[in-house]
$ cat target.txt   # compact mmCIF, N, CA and C atoms and all ligand atoms
# COMPACT_ATOMS: atom_id res chain seq x y z
N MET R 206 -30.66 -27.01 102.56
CA MET R 206 -30.02 -25.74 102.15
C MET R 206 -29.63 -25.83 100.69
N GLY R 207 -30.05 -24.86 99.90
CA GLY R 207 -29.72 -24.86 98.48
C GLY R 207 -28.28 -24.49 98.23
N ASN R 208 -27.86 -24.67 96.99
CA ASN R 208 -26.46 -24.39 96.65
C ASN R 208 -26.10 -22.92 96.89
N ALA R 209 -27.01 -22.02 96.52
CA ALA R 209 -26.72 -20.59 96.67
C ALA R 209 -26.62 -20.22 98.15
N ALA R 210 -27.51 -20.78 98.95
CA ALA R 210 -27.47 -20.50 100.38
C ALA R 210 -26.17 -21.03 100.98
N TYR R 211 -25.77 -22.20 100.53
CA TYR R 211 -24.52 -22.78 101.00
C TYR R 211 -23.34 -21.87 100.66
N LEU R 212 -23.29 -21.41 99.42
CA LEU R 212 -22.19 -20.56 98.97
C LEU R 212 -22.19 -19.24 99.74
N ASN R 213 -23.37 -18.70 100.02
CA ASN R 213 -23.45 -17.46 100.80
C ASN R 213 -22.88 -17.68 102.19
N ARG R 214 -23.20 -18.82 102.77
CA ARG R 214 -22.69 -19.10 104.11
C ARG R 214 -21.17 -19.25 104.07
N VAL R 215 -20.66 -19.94 103.06
CA VAL R 215 -19.22 -20.11 102.92
C VAL R 215 -18.55 -18.75 102.78
N SER R 216 -19.14 -17.87 101.97
CA SER R 216 -18.52 -16.56 101.76
C SER R 216 -18.57 -15.74 103.05
N ALA R 217 -19.61 -15.92 103.85
CA ALA R 217 -19.70 -15.21 105.12
C ALA R 217 -18.58 -15.68 106.05
N LEU R 218 -18.29 -16.97 106.00
CA LEU R 218 -17.23 -17.52 106.84
C LEU R 218 -15.86 -16.98 106.44
N TYR R 219 -15.65 -16.90 105.13
CA TYR R 219 -14.33 -16.50 104.67
C TYR R 219 -14.15 -14.98 104.67
N GLY R 220 -15.23 -14.27 104.61
CA GLY R 220 -15.15 -12.81 104.55
C GLY R 220 -14.79 -12.37 103.15
N ALA R 221 -15.06 -11.13 102.83
CA ALA R 221 -14.79 -10.63 101.49
C ALA R 221 -14.50 -9.15 101.58
N SER R 222 -13.46 -8.81 102.34
CA SER R 222 -13.23 -7.41 102.65
C SER R 222 -12.81 -6.59 101.44
N ARG R 223 -12.23 -7.23 100.40
CA ARG R 223 -11.72 -6.46 99.26
C ARG R 223 -12.75 -6.26 98.16
N GLY R 224 -13.96 -6.77 98.33
CA GLY R 224 -14.97 -6.59 97.31
C GLY R 224 -15.07 -7.78 96.38
N ARG R 225 -16.19 -7.90 95.75
CA ARG R 225 -16.50 -9.12 95.01
C ARG R 225 -15.72 -9.24 93.71
N ASP R 226 -15.24 -8.13 93.17
CA ASP R 226 -14.54 -8.22 91.90
C ASP R 226 -13.03 -8.26 92.05
N TYR R 227 -12.59 -8.26 93.30
CA TYR R 227 -11.15 -8.22 93.52
C TYR R 227 -10.48 -9.55 93.19
N LEU R 228 -9.48 -9.49 92.32
CA LEU R 228 -8.63 -10.66 92.07
C LEU R 228 -7.18 -10.22 92.25
N PRO R 229 -6.40 -10.95 93.03
CA PRO R 229 -4.98 -10.59 93.14
C PRO R 229 -4.28 -10.81 91.80
N GLN R 230 -3.25 -10.01 91.54
CA GLN R 230 -2.55 -10.12 90.26
C GLN R 230 -2.00 -11.51 90.01
N ASN R 231 -1.62 -12.20 91.07
CA ASN R 231 -0.99 -13.51 90.90
C ASN R 231 -1.98 -14.66 91.00
N TRP R 232 -3.26 -14.40 90.67
CA TRP R 232 -4.26 -15.44 90.89
C TRP R 232 -3.96 -16.72 90.10
N ARG R 233 -3.34 -16.56 88.91
CA ARG R 233 -3.05 -17.77 88.13
C ARG R 233 -2.08 -18.70 88.87
N ASP R 234 -1.14 -18.08 89.59
CA ASP R 234 -0.16 -18.88 90.34
C ASP R 234 -0.77 -19.56 91.55
N ARG R 235 -1.92 -19.04 91.97
CA ARG R 235 -2.54 -19.55 93.20
C ARG R 235 -3.61 -20.60 92.94
N LEU R 236 -3.89 -20.87 91.66
CA LEU R 236 -4.88 -21.89 91.35
C LEU R 236 -4.40 -23.25 91.87
N PRO R 237 -5.34 -24.11 92.24
CA PRO R 237 -4.92 -25.42 92.75
C PRO R 237 -4.25 -26.26 91.67
N ASP R 238 -3.43 -27.19 92.09
CA ASP R 238 -2.81 -28.13 91.18
C ASP R 238 -3.91 -28.97 90.51
N PRO R 239 -3.95 -28.99 89.16
CA PRO R 239 -5.02 -29.72 88.49
C PRO R 239 -5.13 -31.18 88.93
N ALA R 240 -4.01 -31.81 89.21
CA ALA R 240 -4.06 -33.23 89.60
C ALA R 240 -4.85 -33.41 90.89
N SER R 241 -4.61 -32.54 91.88
CA SER R 241 -5.34 -32.72 93.14
C SER R 241 -6.76 -32.19 93.03
N TYR R 242 -6.94 -31.09 92.25
CA TYR R 242 -8.31 -30.58 92.07
C TYR R 242 -9.21 -31.64 91.43
N TYR R 243 -8.74 -32.20 90.31
CA TYR R 243 -9.59 -33.17 89.60
C TYR R 243 -9.75 -34.46 90.39
N ALA R 244 -8.75 -34.81 91.20
CA ALA R 244 -8.89 -36.01 92.04
C ALA R 244 -10.08 -35.86 92.99
N HIS R 245 -10.37 -34.60 93.40
CA HIS R 245 -11.49 -34.38 94.31
C HIS R 245 -12.82 -34.23 93.59
N HIS R 246 -12.79 -33.81 92.32
CA HIS R 246 -14.03 -33.47 91.64
C HIS R 246 -14.46 -34.44 90.56
N VAL R 247 -13.59 -35.40 90.23
CA VAL R 247 -13.92 -36.35 89.17
C VAL R 247 -13.89 -37.76 89.75
N ALA R 248 -15.04 -38.46 89.63
CA ALA R 248 -15.11 -39.83 90.12
C ALA R 248 -14.33 -40.76 89.18
N LYS R 249 -13.80 -41.79 89.73
CA LYS R 249 -13.13 -42.85 88.98
C LYS R 249 -12.01 -42.31 88.10
N LEU R 250 -11.30 -41.31 88.60
CA LEU R 250 -10.21 -40.74 87.82
C LEU R 250 -9.04 -41.73 87.76
N GLY R 251 -8.62 -42.04 86.54
CA GLY R 251 -7.53 -43.00 86.37
C GLY R 251 -6.17 -42.33 86.38
N LYS R 252 -5.17 -43.13 86.15
CA LYS R 252 -3.81 -42.57 86.09
C LYS R 252 -3.61 -41.85 84.76
N PRO R 253 -2.84 -40.76 84.77
CA PRO R 253 -2.59 -40.06 83.50
C PRO R 253 -1.75 -40.89 82.54
N ASN R 254 -1.98 -40.68 81.25
CA ASN R 254 -1.18 -41.37 80.24
C ASN R 254 0.13 -40.61 80.04
N ALA R 255 0.88 -41.00 79.01
CA ALA R 255 2.22 -40.44 78.80
C ALA R 255 2.19 -38.94 78.54
N THR R 256 1.07 -38.43 78.00
CA THR R 256 0.99 -37.00 77.72
C THR R 256 0.28 -36.22 78.83
N GLY R 257 -0.04 -36.90 79.94
CA GLY R 257 -0.60 -36.20 81.08
C GLY R 257 -2.11 -36.11 81.13
N TRP R 258 -2.80 -36.82 80.23
CA TRP R 258 -4.26 -36.83 80.24
C TRP R 258 -4.76 -38.04 81.04
N ALA R 259 -5.76 -37.79 81.90
CA ALA R 259 -6.37 -38.87 82.67
C ALA R 259 -7.86 -38.93 82.35
N GLN R 260 -8.43 -40.12 82.41
CA GLN R 260 -9.86 -40.31 82.12
C GLN R 260 -10.63 -40.51 83.41
N GLY R 261 -11.84 -39.95 83.44
CA GLY R 261 -12.69 -40.16 84.60
C GLY R 261 -14.15 -39.99 84.24
N ALA R 262 -15.02 -40.16 85.23
CA ALA R 262 -16.45 -40.01 85.01
C ALA R 262 -16.80 -38.53 84.95
N CYS R 263 -17.49 -38.13 83.90
CA CYS R 263 -17.88 -36.73 83.72
C CYS R 263 -18.96 -36.36 84.74
N PRO R 264 -18.76 -35.28 85.51
CA PRO R 264 -19.78 -34.89 86.49
C PRO R 264 -20.95 -34.13 85.87
N PHE R 265 -20.85 -33.80 84.56
CA PHE R 265 -21.88 -32.96 83.93
C PHE R 265 -22.95 -33.76 83.20
N HIS R 266 -22.78 -35.05 83.09
CA HIS R 266 -23.86 -35.88 82.57
C HIS R 266 -23.76 -37.24 83.25
N GLU R 267 -24.79 -38.06 83.07
CA GLU R 267 -24.77 -39.38 83.67
C GLU R 267 -23.80 -40.25 82.88
N ASP R 268 -22.65 -40.47 83.47
CA ASP R 268 -21.53 -41.03 82.71
C ASP R 268 -21.15 -42.40 83.23
N ARG R 269 -21.30 -43.41 82.38
CA ARG R 269 -20.88 -44.76 82.78
C ARG R 269 -19.60 -45.18 82.07
N ASN R 270 -19.07 -44.29 81.25
CA ASN R 270 -17.96 -44.72 80.38
C ASN R 270 -16.69 -43.90 80.54
N ALA R 271 -16.55 -43.16 81.63
CA ALA R 271 -15.37 -42.32 81.82
C ALA R 271 -15.11 -41.47 80.57
N SER R 272 -16.08 -40.65 80.21
CA SER R 272 -16.02 -39.83 79.00
C SER R 272 -15.18 -38.58 79.17
N LEU R 273 -14.80 -38.29 80.40
CA LEU R 273 -14.09 -37.04 80.65
C LEU R 273 -12.58 -37.26 80.59
N SER R 274 -11.90 -36.37 79.87
CA SER R 274 -10.44 -36.35 79.88
C SER R 274 -9.98 -35.07 80.54
N VAL R 275 -9.06 -35.17 81.48
CA VAL R 275 -8.50 -33.98 82.12
C VAL R 275 -6.99 -34.01 81.98
N HIS R 276 -6.42 -32.82 81.72
CA HIS R 276 -4.98 -32.74 81.54
C HIS R 276 -4.34 -32.36 82.88
N VAL R 277 -3.97 -33.37 83.64
CA VAL R 277 -3.48 -33.10 85.00
C VAL R 277 -2.03 -32.64 85.00
N ALA R 278 -1.36 -32.74 83.86
CA ALA R 278 0.07 -32.40 83.81
C ALA R 278 0.32 -30.94 83.45
N SER R 279 -0.71 -30.16 83.18
CA SER R 279 -0.49 -28.76 82.82
C SER R 279 -1.11 -27.84 83.85
N VAL R 280 -0.60 -26.63 83.98
CA VAL R 280 -1.13 -25.71 84.97
C VAL R 280 -2.55 -25.27 84.62
N LYS R 281 -2.87 -25.23 83.32
CA LYS R 281 -4.22 -24.79 82.93
C LYS R 281 -5.28 -25.84 83.25
N GLY R 282 -4.89 -27.10 83.30
CA GLY R 282 -5.82 -28.15 83.65
C GLY R 282 -6.97 -28.30 82.67
N GLN R 283 -6.65 -28.35 81.37
CA GLN R 283 -7.70 -28.48 80.37
C GLN R 283 -8.53 -29.76 80.59
N TRP R 284 -9.79 -29.68 80.18
CA TRP R 284 -10.66 -30.85 80.26
C TRP R 284 -11.52 -30.90 79.01
N ARG R 285 -11.99 -32.10 78.67
CA ARG R 285 -13.00 -32.21 77.64
C ARG R 285 -13.81 -33.48 77.85
N CYS R 286 -15.09 -33.36 77.53
CA CYS R 286 -15.98 -34.50 77.67
C CYS R 286 -16.36 -34.98 76.27
N PHE R 287 -16.20 -36.27 76.04
CA PHE R 287 -16.48 -36.82 74.71
C PHE R 287 -17.97 -37.05 74.49
N ALA R 288 -18.78 -36.78 75.48
CA ALA R 288 -20.23 -36.88 75.33
C ALA R 288 -20.85 -35.48 75.22
N SER R 289 -20.12 -34.56 74.64
CA SER R 289 -20.63 -33.23 74.28
C SER R 289 -21.00 -32.32 75.44
N CYS R 290 -20.36 -32.47 76.58
CA CYS R 290 -20.53 -31.48 77.65
C CYS R 290 -19.59 -30.29 77.44
N GLY R 291 -18.71 -30.40 76.47
CA GLY R 291 -17.81 -29.29 76.21
C GLY R 291 -16.43 -29.54 76.79
N GLY R 292 -15.71 -28.44 76.94
CA GLY R 292 -14.36 -28.53 77.47
C GLY R 292 -13.86 -27.14 77.80
N GLY R 293 -12.65 -27.08 78.32
CA GLY R 293 -12.09 -25.78 78.70
C GLY R 293 -10.91 -25.98 79.63
N ASP R 294 -10.70 -24.96 80.48
CA ASP R 294 -9.60 -25.08 81.44
C ASP R 294 -10.18 -25.32 82.83
N LEU R 295 -9.29 -25.33 83.82
CA LEU R 295 -9.72 -25.65 85.18
C LEU R 295 -10.73 -24.63 85.72
N VAL R 296 -10.50 -23.35 85.41
CA VAL R 296 -11.45 -22.33 85.88
C VAL R 296 -12.82 -22.55 85.25
N GLY R 297 -12.82 -22.88 83.95
CA GLY R 297 -14.08 -23.15 83.26
C GLY R 297 -14.80 -24.35 83.86
N PHE R 298 -14.03 -25.37 84.21
CA PHE R 298 -14.60 -26.55 84.86
C PHE R 298 -15.28 -26.17 86.17
N HIS R 299 -14.59 -25.34 86.95
CA HIS R 299 -15.13 -24.93 88.25
C HIS R 299 -16.36 -24.05 88.08
N MET R 300 -16.36 -23.20 87.04
CA MET R 300 -17.54 -22.38 86.77
C MET R 300 -18.74 -23.27 86.47
N LYS R 301 -18.51 -24.27 85.61
CA LYS R 301 -19.60 -25.15 85.21
C LYS R 301 -20.07 -25.99 86.40
N ARG R 302 -19.15 -26.38 87.25
CA ARG R 302 -19.46 -27.22 88.40
C ARG R 302 -20.26 -26.45 89.45
N THR R 303 -19.92 -25.16 89.63
CA THR R 303 -20.51 -24.38 90.73
C THR R 303 -21.56 -23.38 90.27
N GLY R 304 -21.60 -23.06 88.97
CA GLY R 304 -22.52 -22.04 88.49
C GLY R 304 -22.03 -20.62 88.76
N LEU R 305 -20.80 -20.49 89.22
CA LEU R 305 -20.24 -19.16 89.49
C LEU R 305 -19.77 -18.51 88.20
N ASP R 306 -19.70 -17.15 88.20
CA ASP R 306 -19.08 -16.49 87.05
C ASP R 306 -17.56 -16.56 87.19
N PHE R 307 -16.86 -16.04 86.19
CA PHE R 307 -15.42 -16.25 86.13
C PHE R 307 -14.68 -15.77 87.38
N LYS R 308 -14.92 -14.52 87.76
CA LYS R 308 -14.18 -13.98 88.91
C LYS R 308 -14.52 -14.71 90.20
N ALA R 309 -15.80 -15.00 90.37
CA ALA R 309 -16.21 -15.70 91.59
C ALA R 309 -15.60 -17.09 91.63
N ALA R 310 -15.54 -17.75 90.47
CA ALA R 310 -14.95 -19.09 90.41
C ALA R 310 -13.47 -19.03 90.77
N VAL R 311 -12.76 -18.04 90.23
CA VAL R 311 -11.33 -17.90 90.55
C VAL R 311 -11.16 -17.62 92.03
N ARG R 312 -11.96 -16.70 92.57
CA ARG R 312 -11.86 -16.39 94.00
C ARG R 312 -12.10 -17.63 94.85
N ASP R 313 -13.07 -18.42 94.46
CA ASP R 313 -13.36 -19.65 95.19
C ASP R 313 -12.15 -20.60 95.12
N LEU R 314 -11.58 -20.73 93.93
CA LEU R 314 -10.46 -21.66 93.74
C LEU R 314 -9.22 -21.26 94.53
N ILE R 315 -8.99 -19.97 94.69
CA ILE R 315 -7.78 -19.55 95.38
C ILE R 315 -8.07 -19.23 96.86
N GLY R 316 -9.28 -19.55 97.32
CA GLY R 316 -9.56 -19.48 98.75
C GLY R 316 -9.93 -18.11 99.27
N LEU R 317 -10.41 -17.21 98.38
CA LEU R 317 -10.81 -15.89 98.84
C LEU R 317 -12.27 -15.83 99.22
N GLY R 318 -12.98 -16.93 98.98
CA GLY R 318 -14.40 -16.92 99.29
C GLY R 318 -15.21 -16.39 98.14
N VAL R 319 -16.49 -16.68 98.17
CA VAL R 319 -17.38 -16.33 97.08
C VAL R 319 -18.33 -15.24 97.53
N THR R 320 -18.41 -14.18 96.75
CA THR R 320 -19.40 -13.15 97.04
C THR R 320 -20.27 -12.96 95.83
N ARG R 321 -21.49 -12.57 96.07
CA ARG R 321 -22.40 -12.36 94.95
C ARG R 321 -23.00 -10.96 95.02
ZN ZN R 401 -20.06 -35.07 80.06

$ encode --input "target.txt" --output "C-alpha cells"
Amino acid sequence: MGNAAYLNRVSALYGASRGRDYLPQNWRDRLPDPASYYAHHVAKLGKPNATGWAQGACPFHEDRNASLSVHVASVKGQWRCFASCGGGDLVGFHMKRTGLDFKAAVRDLIGLGVTR
C-alpha cells in the first residue's frame, strides 16, 4: 500500500465531516508537544541542551552524524538540518515528512484526519 493509499484509509477511519479545509481556531494550542512529537519522528534523538535544542538523525537525508537540531523546549518546535535539508517549525517538519499541504498537515497533527 502506497503512502497516499494509507493516508486515504486513515482519513476514512477518522472521518472528515467538516470538510478538508476546516481548521479549528485553536489549532495552534492543539499541536503535539514538540518533545514527544520529535521523539517519535527523529532517530537517535539526544537530550536537549541548556537552550532546549536536541540533536538527532535527520529523516530527510541519509544521516550518520545527527545533523538535525530540534527545539523541543518551544511550542513552535523549530528544526534545522545542517546538511542543507532546510528548517522550519513543527508543522513544516510534518509537511515535509508526510508530503501534506499546510492545512492537511495541521489536521493530521491535531487528530482530525487527512482529507485530500
Ligand atoms: Zn537532513

$ residues_near_ligand --input "target.txt" --ligand "ligand ZN 401 (chain R)" --cutoff "9 Å" --atoms "only C-alpha atoms and all ligand atoms" --output "PyMOL selection string"
chain R and resi 262-268+271-273+285-291

$ atom_distance --input "target.txt" --atom1 "atom C of Gly292 in chain R" --atom2 "atom N of Ala255 in chain R"
20.3 Å

$ closest_residue --input "target.txt" --among "R:Leu236, R:Ser279, R:Asn231, R:Gly251" --to "Val311 in chain R" --atoms "only C-alpha atoms"
R:Leu236

$ select_by_dssp --input "target.txt" --residues "range 214-298 of chain R" --states "strand (DSSP E or B)" --output "list in words"
Ala248, Trp258, Ala259, Gln260, Gly261, Ala262, Leu273, Ser274, Val275, His276, Trp284, Arg285, Cys286, Gly291, Gly292 and Gly293 of chain R

$ axis_aligned_box --input "target.txt" --around "range 290-307 of chain R" --padding-each-side "6 Å" --output "JSON"
{"center_x": -15.9, "center_y": -24.1, "center_z": 83.5, "size_x": 25.2, "size_y": 28.7, "size_z": 26.5}

$ closest_residue --input "target.txt" --among "R:Arg233, R:Pro239, R:Leu305, R:Leu295" --to "Gly318 in chain R" --atoms "only C-alpha atoms"
R:Leu305

$ select_by_dssp --input "target.txt" --residues "range 228-265 of chain R" --states "helix (DSSP H, G or I)" --output "VMD selection string"
chain R and resid 232 to 235 239 to 246

$ residues_around --input "target.txt" --residues "Thr256 in chain R" --least-positions-apart "3" --cutoff "8 Å" --atoms "all atoms listed in the file" --output "ChimeraX atom specification"
/R:253,259,276-279
